[in-house]
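A.B. asks: I am attaching a structure below and will ask some questions about it afterwards.
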Amino acid sequence: MTKLKYVYEALKRASSYLEENGREEGAARVLLQHELGLSYSGLMASMRDEITKAQLESFWANIELHTKGIPVQHLTGTEEFYGRQFRVNADVLIPRPETEELIEETLQLIERHMLKKEIAIADIGTGSGVIAITMKCELPQAQVTATDISEPALQTAMQNAEELNAEIDFRLGDLTKPIENQKWDVILSNPPYIAYAEAPGLSDSVRDFEPHHALFADNEGLALYEKMAKQFPKLLNKPGIIGFEIGYQQGAAVEKMLKRAFPTALIYCKKDINKNDRMVFAVIE
């Protein structure tokens, strides 16, 4: 490793090393970009540059940590979501691309069904704040509130909101409790939805390093949807929109819960880019 002199040599060796250890080789590029402070195009343009001993040692230390399962995002401290950089750490769930699709569909529903501009949006279980902050950035006139049961998670979300100039009302508490004294036009949530029995099948990067309170739920992962569906009728304005991110096998069950709560609403499940059931929406007229 110490004989590596150029950027391209470090990338090639690290990619092979990760693959040999059962990790995605693409993580090497992300970690090298982080170490050198370069964009993707900047890294490509710097392949023939020399890498210093200090840079190489720091880069390789992160490569070794990633082989042990530590997520790349915990090593770089950031993850991109909807074109913006968010801080992430062990207190919050790492944002996934599928959640961007929840945002995309919600924005389209708002455009079709909401006549007023100053809508009230609640994000339940905000984690790093990606849903709430993105909604505020995309709809600056909206009033956005975000809740979480974890104080460290809220601290991370607040930091992200400050850095992205998003004015969010953050509230500490369980599910709908912090928002129960108001009416809302849009309620979104990406709650814990993995069944405890599924834990052995998760990658070690997820199971061992992401917060369990943001991953797992009782009743085969459906417990929190059930609780929220029962509470939503007294919280939603008309028209109102509900958007849930779900596990790929939970669509029918979550649709049924919302139909019970809103018998006349338009309720549907939407697949993600990988053709898996990933979101359930309710439009209350």
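Residues are named by chain letter and number: chains run A, B, ... in the order of the structure tokens, numbers start at 1 in each chain, and ligands are numbered from 1 in the order shown.
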Env of Asp123 of chain A: 9 Å cut, atoms = only C-alpha atoms, seq-sep filter 6 positions within chain, self excluded. Answer as a ChimeraX atom specification.
C.D. replies: /A:129,131-132,144-148,186-190
A.B. asks: Residues at most 12 Å from Ser46 of chain A, counting only C-alpha atoms, excluding those fewer than 3 positions away in the same chain, as a ChimeraX atom specification?
C.D. replies: /A:6-11,32-33,36-43,49-51
A.B. asks: So that each row is one residue of segment 110-174 of chain A with an atom at most 10 Å from segment 240-263 of chain A, can you give its shortest atom pair and the distance in Å to one decimal, using only C-alpha atoms, rows by chain and rising number, as a tab-separated table?
C.D. replies:
residue	atom	partner	partner_atom	distance
A:Ile110	CA	A:Ile241	CA	7.8
A:His113	CA	A:Gly240	CA	8.3
A:Met114	CA	A:Gly240	CA	8.2
A:Ile119	CA	A:Gly240	CA	9.9
A:Ala120	CA	A:Gly240	CA	9.9
A:Ile121	CA	A:Ile241	CA	9.4
A:Ala122	CA	A:Ile242	CA	9.7
A:Asp123	CA	A:Gly243	CA	9.6
A:Ile124	CA	A:Phe244	CA	9.9
A.B. asks: Based on the backbone DSSP call, show me all residues of segment 56-283 of chain A assigned strand (DSSP E), as a PyMOL selection string.
C.D. replies: chain A and resi 78-81+84-87+120-124+143-148+169-172+184-189+194-195+216-217+236-245+266-271+277-283
A.B. asks: Please identify all polymer residues within 9 Å of Pro97 of chain A, counting only C-alpha atoms, omitting same-chain residues fewer than 2 positions from it, and present them as a PyMOL selection string.
C.D. replies: chain A and resi 81-82+95+99-101
A.B. asks: Would you give me, as a list in words, the residues in segment 113-187 of chain A that DSSP reads as helix (DSSP H, G or I)?
C.D. replies: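 Result set for segment 113-187 of chain A (helix (DSSP H, G or I)): His113, Val130, Ile131, Ala132, Ile133, Thr134, Met135, Lys136, Cys137, Glu138, Glu151, Pro152, Ala153, Leu154, Gln155, Thr156, Ala157, Met158, Gln159, Asn160, Ala161, Glu162, Glu163, Lys177, Pro178 and Ile179 of chain A.
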